[in-house]
file upload_32.cif (mmCIF, C-alpha atoms and all ligand atoms)
data_my_file
loop_
_atom_site.label_atom_id
_atom_site.label_comp_id
_atom_site.auth_asym_id
_atom_site.auth_seq_id
_atom_site.Cartn_x
_atom_site.Cartn_y
_atom_site.Cartn_z
CA MET A 9 28.37 16.17 -37.23
CA TYR A 10 30.01 18.22 -39.93
CA VAL A 11 33.07 19.25 -37.94
CA GLU A 12 34.39 17.19 -35.06
CA MET A 13 37.31 17.69 -32.73
CA ARG A 14 38.19 14.50 -30.85
CA HIS A 15 40.63 14.57 -27.95
CA ILE A 16 42.70 17.35 -29.44
CA ASN A 17 45.88 18.34 -27.64
CA LYS A 18 48.27 21.05 -28.68
CA THR A 19 51.25 22.47 -26.82
CA PHE A 20 53.50 25.40 -27.66
CA ASP A 21 56.87 25.02 -25.93
CA GLY A 22 55.28 22.94 -23.21
CA PHE A 23 52.31 25.31 -22.81
CA ARG A 24 48.96 23.59 -23.27
CA ALA A 25 47.01 25.69 -25.73
CA SER A 26 44.48 22.87 -26.32
CA ASP A 27 43.81 20.38 -23.55
CA ASP A 28 41.66 17.42 -24.63
CA VAL A 29 39.32 19.49 -26.78
CA ASN A 30 36.13 17.73 -27.87
CA PHE A 31 33.19 19.17 -29.73
CA GLY A 32 31.04 18.71 -32.80
CA ILE A 33 29.19 21.12 -35.03
CA GLU A 34 26.35 20.10 -37.28
CA ARG A 35 26.05 21.03 -40.90
CA GLY A 36 24.60 24.49 -41.44
CA GLN A 37 25.17 25.56 -37.84
CA LEU A 38 26.70 28.82 -36.76
CA ALA A 39 28.75 28.12 -33.66
CA ALA A 40 30.69 30.60 -31.56
CA LEU A 41 33.94 29.79 -29.82
CA LEU A 42 33.74 32.08 -26.82
CA GLY A 43 36.31 32.57 -24.09
CA PRO A 44 38.81 34.96 -22.57
CA SER A 45 42.00 36.04 -24.26
CA GLY A 46 44.54 33.22 -24.36
CA SER A 47 41.95 30.48 -23.79
CA GLY A 48 42.85 28.74 -27.06
CA LYS A 49 40.17 29.86 -29.53
CA THR A 50 42.48 30.85 -32.37
CA THR A 51 44.54 27.70 -31.82
CA ILE A 52 41.41 25.59 -32.42
CA LEU A 53 40.52 27.53 -35.55
CA ARG A 54 44.06 27.28 -36.93
CA MET A 55 44.05 23.51 -36.47
CA ILE A 56 40.72 23.17 -38.27
CA ALA A 57 42.07 25.38 -41.07
CA GLY A 58 45.22 23.25 -41.32
CA LEU A 59 47.51 26.13 -40.32
CA ASP A 60 48.64 24.20 -37.24
CA LYS A 61 48.79 20.51 -36.46
CA PRO A 62 47.49 19.01 -33.22
CA ASP A 63 49.98 16.94 -31.18
CA SER A 64 47.30 14.29 -30.82
CA GLY A 65 43.61 13.76 -31.50
CA ASP A 66 41.48 13.70 -34.62
CA ILE A 67 39.94 16.45 -36.68
CA LEU A 68 37.02 15.29 -38.79
CA ILE A 69 35.26 17.22 -41.50
CA ASP A 70 32.22 15.54 -43.02
CA GLU A 71 33.18 12.22 -41.40
CA THR A 72 36.69 12.25 -42.88
CA ARG A 73 39.82 12.58 -40.79
CA VAL A 74 41.65 15.60 -42.19
CA ASN A 75 44.71 15.76 -39.91
CA ASP A 76 46.99 14.96 -42.82
CA LEU A 77 45.09 16.85 -45.48
CA PRO A 78 46.59 20.24 -46.43
CA GLY A 79 44.45 23.23 -45.44
CA SER A 80 43.93 24.18 -49.07
CA LYS A 81 42.16 20.86 -49.67
CA ARG A 82 39.75 21.09 -46.73
CA GLY A 83 37.11 23.28 -48.44
CA ILE A 84 37.43 26.04 -45.87
CA GLY A 85 37.07 29.79 -46.20
CA PHE A 86 38.31 32.15 -43.54
CA VAL A 87 37.99 35.68 -42.38
CA PHE A 88 40.59 36.63 -39.82
CA GLN A 89 40.91 39.98 -38.14
CA ASN A 90 44.45 40.34 -39.36
CA TYR A 91 44.00 38.58 -42.63
CA ALA A 92 43.75 41.87 -44.48
CA LEU A 93 42.58 42.42 -48.02
CA PHE A 94 45.21 42.61 -50.72
CA ARG A 95 46.02 46.30 -50.77
CA TYR A 96 46.96 46.59 -54.42
CA MET A 97 43.90 44.77 -55.67
CA THR A 98 40.46 46.23 -56.21
CA VAL A 99 37.42 44.87 -54.41
CA GLU A 100 36.60 42.77 -57.47
CA GLU A 101 40.13 41.41 -57.73
CA ASN A 102 40.15 40.58 -54.04
CA ILE A 103 36.91 38.62 -54.36
CA ALA A 104 38.16 36.91 -57.52
CA PHE A 105 41.41 35.81 -55.93
CA GLY A 106 40.42 32.32 -54.78
CA LEU A 107 38.61 31.68 -58.05
CA LYS A 108 41.75 32.47 -60.04
CA VAL A 109 43.69 30.08 -57.84
CA GLN A 110 41.06 27.47 -58.74
CA LYS A 111 41.63 28.36 -62.41
CA LYS A 112 37.99 29.17 -63.07
CA SER A 113 37.10 30.61 -66.46
CA ARG A 114 36.97 34.38 -66.83
CA GLN A 115 33.24 34.20 -67.47
CA GLU A 116 32.61 32.18 -64.35
CA ILE A 117 34.73 34.56 -62.27
CA THR A 118 32.90 37.63 -63.56
CA TYR A 119 29.55 36.05 -62.79
CA ARG A 120 30.51 34.93 -59.28
CA VAL A 121 32.10 38.27 -58.38
CA GLU A 122 28.93 40.09 -59.48
CA GLU A 123 26.81 37.73 -57.44
CA LEU A 124 28.93 38.26 -54.32
CA LEU A 125 29.07 42.04 -54.73
CA GLU A 126 25.30 41.95 -54.78
CA LEU A 127 25.17 39.71 -51.72
CA ILE A 128 27.28 42.15 -49.69
CA SER A 129 25.38 45.17 -51.12
CA MET A 130 28.49 46.69 -52.66
CA LYS A 131 27.63 46.47 -56.33
CA ASP A 132 28.96 49.88 -57.25
CA LEU A 133 32.15 49.63 -55.26
CA GLY A 134 33.87 46.81 -57.13
CA ARG A 135 36.54 49.03 -58.64
CA ARG A 136 37.60 50.60 -55.38
CA TYR A 137 40.77 49.75 -53.50
CA PRO A 138 40.67 48.69 -49.84
CA HIS A 139 41.92 52.08 -48.58
CA GLN A 140 38.87 53.69 -50.22
CA LEU A 141 36.49 51.65 -48.04
CA SER A 142 35.26 51.88 -44.45
CA GLY A 143 36.32 49.20 -41.98
CA GLY A 144 32.90 47.57 -42.15
CA GLN A 145 32.95 47.52 -45.94
CA ARG A 146 36.39 45.95 -45.88
CA GLN A 147 35.18 43.14 -43.65
CA ARG A 148 32.22 42.56 -45.95
CA VAL A 149 34.66 42.21 -48.84
CA ALA A 150 36.77 39.81 -46.77
CA PHE A 151 33.60 37.79 -46.19
CA ALA A 152 32.81 37.75 -49.93
CA ARG A 153 36.37 36.77 -50.74
CA ALA A 154 36.16 33.85 -48.33
CA LEU A 155 32.84 32.72 -49.79
CA ALA A 156 33.84 33.07 -53.46
CA PRO A 157 35.27 29.55 -53.94
CA SER A 158 32.10 28.07 -52.33
CA PRO A 159 33.70 26.57 -49.22
CA GLN A 160 31.79 24.04 -47.11
CA LEU A 161 32.98 25.59 -43.88
CA LEU A 162 33.61 29.19 -42.92
CA LEU A 163 35.93 30.17 -40.07
CA LEU A 164 35.79 33.68 -38.66
CA ASP A 165 38.30 34.83 -36.08
CA GLU A 166 37.12 38.03 -34.38
CA PRO A 167 36.29 39.51 -37.76
CA PHE A 168 34.94 42.73 -36.28
CA ALA A 169 37.40 43.27 -33.47
CA ALA A 170 38.97 46.34 -35.06
CA ILE A 171 35.64 48.01 -35.80
CA ASP A 172 33.86 50.55 -33.59
CA ALA A 173 30.96 49.41 -31.43
CA LYS A 174 28.02 50.75 -33.42
CA VAL A 175 29.12 49.46 -36.83
CA ARG A 176 30.15 46.25 -35.15
CA ARG A 177 26.61 45.61 -33.94
CA GLU A 178 25.26 46.23 -37.44
CA LEU A 179 27.83 43.89 -38.95
CA ARG A 180 26.96 41.17 -36.48
CA THR A 181 23.32 41.17 -37.55
CA TRP A 182 24.42 41.40 -41.15
CA LEU A 183 26.73 38.41 -40.77
CA LYS A 184 24.06 36.29 -39.13
CA ASP A 185 21.63 37.06 -41.97
CA MET A 186 24.25 36.32 -44.60
CA ILE A 187 25.16 32.99 -43.06
CA ASP A 188 21.48 32.07 -42.76
CA ARG A 189 21.07 32.91 -46.42
CA VAL A 190 24.05 31.03 -47.81
CA LYS A 191 23.53 28.21 -45.25
CA ILE A 192 27.18 27.54 -44.67
CA THR A 193 28.51 25.81 -41.56
CA SER A 194 30.45 28.50 -39.69
CA ILE A 195 32.61 28.88 -36.62
CA PHE A 196 32.90 32.34 -35.22
CA VAL A 197 35.51 33.28 -32.61
CA THR A 198 34.85 36.03 -30.12
CA HIS A 199 35.68 36.97 -26.55
CA ASP A 200 32.53 39.09 -26.35
CA GLN A 201 29.63 37.28 -24.63
CA GLU A 202 27.02 39.56 -26.12
CA GLU A 203 28.35 39.02 -29.61
CA ALA A 204 28.29 35.24 -29.18
CA MET A 205 24.77 35.27 -27.71
CA GLU A 206 23.41 37.35 -30.55
CA VAL A 207 25.07 35.64 -33.45
CA ALA A 208 25.42 31.96 -32.65
CA GLY A 209 23.02 29.05 -32.33
CA THR A 210 25.61 27.10 -30.35
CA ILE A 211 28.22 28.44 -27.98
CA ILE A 212 31.42 26.55 -27.20
CA LEU A 213 33.02 28.08 -24.15
CA THR A 214 36.80 27.86 -23.86
CA ASN A 215 38.96 28.38 -20.81
CA GLN A 216 42.68 27.62 -20.42
CA GLY A 217 42.77 25.36 -23.45
CA ARG A 218 39.74 23.35 -22.33
CA ILE A 219 36.08 23.35 -23.31
CA GLU A 220 34.03 24.43 -20.29
CA GLN A 221 30.55 24.05 -21.76
CA ILE A 222 28.70 23.64 -25.03
CA GLY A 223 25.09 24.69 -25.51
CA THR A 224 22.63 27.15 -26.93
CA PRO A 225 22.94 30.72 -25.63
CA GLU A 226 19.86 30.09 -23.52
CA GLU A 227 21.17 26.85 -21.98
CA ILE A 228 24.45 28.49 -21.12
CA CYS A 229 22.78 31.52 -19.55
CA LYS A 230 20.20 29.58 -17.60
CA ASN A 231 22.30 26.62 -16.66
CA PRO A 232 25.99 27.40 -16.42
CA LYS A 233 27.79 24.15 -15.57
CA THR A 234 30.85 25.57 -13.88
CA GLU A 235 31.73 28.58 -11.80
CA PHE A 236 33.88 29.85 -14.62
CA VAL A 237 30.94 29.82 -17.04
CA ALA A 238 28.68 31.53 -14.50
CA ASP A 239 31.27 34.26 -13.94
CA PHE A 240 32.10 34.68 -17.58
CA ILE A 241 28.52 35.19 -18.71
CA ASP A 242 27.54 37.03 -15.54
CA VAL A 243 27.50 40.32 -17.43
CA LYS A 244 24.43 39.13 -19.29
CA LEU A 245 22.53 37.61 -16.40
CA GLY A 246 19.75 39.69 -14.99
CA THR A 247 19.63 41.93 -18.03
CA GLY A 248 16.51 40.24 -19.38
CA HIS A 249 18.35 38.75 -22.29
CA PHE A 250 16.18 35.64 -22.05
N1 LIG A 301 52.65 30.00 -32.05
C1 LIG A 301 52.59 30.04 -30.73
N2 LIG A 301 53.72 29.90 -29.98
C2 LIG A 301 53.66 29.91 -28.63
N3 LIG A 301 52.52 30.06 -27.93
C3 LIG A 301 51.38 30.21 -28.61
C4 LIG A 301 51.36 30.21 -30.03
N4 LIG A 301 50.07 30.37 -30.43
C5 LIG A 301 49.35 30.49 -29.30
N5 LIG A 301 50.12 30.37 -28.21
C6 LIG A 301 49.67 30.43 -26.81
O1 LIG A 301 48.56 29.56 -26.67
C7 LIG A 301 47.56 30.16 -25.85
C8 LIG A 301 46.26 30.22 -26.62
O2 LIG A 301 46.38 31.16 -27.68
P1 LIG A 301 45.21 31.50 -28.68
O3 LIG A 301 45.75 32.45 -29.66
O4 LIG A 301 44.61 30.25 -29.17
O5 LIG A 301 44.18 32.24 -27.69
P2 LIG A 301 42.82 33.02 -28.03
O6 LIG A 301 41.77 32.40 -27.21
O7 LIG A 301 42.62 33.08 -29.49
O8 LIG A 301 43.12 34.48 -27.45
P3 LIG A 301 42.66 35.92 -28.01
O9 LIG A 301 41.24 36.14 -27.59
O10 LIG A 301 43.58 36.86 -27.29
O11 LIG A 301 42.87 35.95 -29.48
C9 LIG A 301 48.09 31.53 -25.46
O12 LIG A 301 48.63 31.44 -24.16
C10 LIG A 301 49.16 31.80 -26.47
O13 LIG A 301 50.18 32.60 -25.92
MG MG A 302 42.60 34.63 -30.89
#
call {"tool": "encode", "arguments": {"input": "upload_32.cif", "output": "structure tokens", "more": "lines below"}}
Ligand SMILES: Nc1ncnc2c1ncn2[C@@H]1O[C@H](COP(=O)(O)OP(=O)(O)OP(=O)(O)O)[C@@H](O)[C@H]1O
Ligand SMILES: [Mg+2]
result
Amino acid sequence: MYVEMRHINKTFDGFRASDDVNFGIERGQLAALLGPSGSGKTTILRMIAGLDKPDSGDILIDETRVNDLPGSKRGIGFVFQNYALFRYMTVEENIAFGLKVQKKSRQEITYRVEELLELISMKDLGRRYPHQLSGGQRQRVAFARALAPSPQLLLLDEPFAAIDAKVRRELRTWLKDMIDRVKITSIFVTHDQEEAMEVAGTIILTNQGRIEQIGTPEEICKNPKTEFVADFIDVKLGTGHF
């Protein structure tokens, strides 16, 4: 397992945001954390990223317990819905940001930025500022910025939530292709069943701070283990998805 959560508990003022959370994700997998609003998805992601500390339990990345390792040392890139681009930086400068922090040489930065602009099909837009881009383009830049320092793990928290339905569907497919291409272990948060089914190889279903079920989209659709899971994915049943 590349990422493992073992008996993770987290409370906020007595409220259980994570209640004995256990799961593992293998290297190269794209897993979705799926569940209703308030079920604890972002809390899980923030603990993996080192932005929050669990009250108890172990977080392992590549077999190493990282509970006490600062987030910046965990080799993680993230794309959060509200983690906007730097407004006063161009696309190129945004993508270069993490590389400058790592004190890479100017030559190396130029090369990597070019490579990423190509990857996100925005080669000619490097000099633009975020306000000169569409929402979808901005999220592609956010994705490139997260990938620039070559993280081992990518965390995405509802990266397309603010984008309209049509573009969102295109971005979903785009993201899946990108992740397949760069082969990076990724965890994708969504409360949209359809989005999770389409994008992820593994779905981790959250409810009230607990994990209800883990499985492939097909397993979860065909064999929901609890009433909650059956209800939650009900929208997709009978639509010939599988
Ligand atoms: N910093 C905090 N202080 C107090 N309560 C918090 C804090 N962060 C999260 N919570 C609570 O923990 C619960 C889980 O929150 P979390 O943000 O993880 O849910 P979520 O599944 O990401 O929801 P959404 O789909 O709406 O983003 C919620 O009830 C939330 O109010
Ligand atoms: Mg959230």
call {"tool": "residues_near_ligand", "arguments": {"input": "upload_32.cif", "ligand": "ligand LIG 301 (chain A)", "cutoff": "6 Å", "atoms": "only C-alpha atoms and all ligand atoms", "output": "list of chain:residue names"}}
result
A:Phe20, A:Ala25, A:Pro44, A:Ser45, A:Gly46, A:Ser47, A:Gly48, A:Lys49, A:Thr50, A:Thr51, A:His199
call {"tool": "residues_around", "arguments": {"input": "upload_32.cif", "residues": "Tyr119 (chain A)", "least_positions_apart": "5", "cutoff": "12 Å", "atoms": "only C-alpha atoms", "output": "number ranges by chain"}}
result
A: 100, 103-104, 107, 112-114, 124-126, 156
call {"tool": "residues_around", "arguments": {"input": "upload_32.cif", "residues": "region 62-74 of chain A", "least_positions_apart": "4", "cutoff": "6 Å", "atoms": "only C-alpha atoms", "output": "compact mmCIF listing (two decimals) with C-alpha atoms, in the coordinates of the input"}}
result
# COMPACT_ATOMS: atom_id res chain seq x y z
CA TYR A 10 30.01 18.22 -39.93
CA VAL A 11 33.07 19.25 -37.94
CA GLU A 12 34.39 17.19 -35.06
CA MET A 13 37.31 17.69 -32.73
CA ARG A 14 38.19 14.50 -30.85
CA HIS A 15 40.63 14.57 -27.95
CA ILE A 16 42.70 17.35 -29.44
CA ASN A 17 45.88 18.34 -27.64
CA LYS A 18 48.27 21.05 -28.68
call {"tool": "closest_residue", "arguments": {"input": "upload_32.cif", "among": "A:Glu206, A:Asp188, A:Asp165, A:Glu235", "to": "ligand MG 302 (chain A)", "atoms": "all atoms listed in the file"}}
result
A:Asp165
call {"tool": "atom_distance", "arguments": {"input": "upload_32.cif", "atom1": "CA of Phe151 (chain A)", "atom2": "CA of Val197 (chain A)"}}
result
14.4 Å
call {"tool": "atom_distance", "arguments": {"input": "upload_32.cif", "atom1": "CA of Ile84 (chain A)", "atom2": "CA of Met186 (chain A)"}}
result
16.8 Å
call {"tool": "closest_residue", "arguments": {"input": "upload_32.cif", "among": "A:Leu42, A:Leu77, A:Arg180, A:Arg95", "to": "Ile241 (chain A)", "atoms": "all atoms listed in the file"}}
result
A:Leu42
call {"tool": "axis_aligned_box", "arguments": {"input": "upload_32.cif", "around": "region 167-180 of chain A", "padding_each_side": "8 Å", "output": "JSON"}}
result
{"center_x": 32.1, "center_y": 45.1, "center_z": -35.2, "size_x": 29.7, "size_y": 27.2, "size_z": 23.5}
call {"tool": "atom_distance", "arguments": {"input": "upload_32.cif", "atom1": "CA of Lys131 (chain A)", "atom2": "CA of Ile195 (chain A)"}}
result
26.9 Å
call {"tool": "closest_residue", "arguments": {"input": "upload_32.cif", "among": "A:Leu93, A:Ala39, A:Leu163, A:Val175", "to": "Gly223 (chain A)", "atoms": "all atoms listed in the file"}}
result
A:Ala39
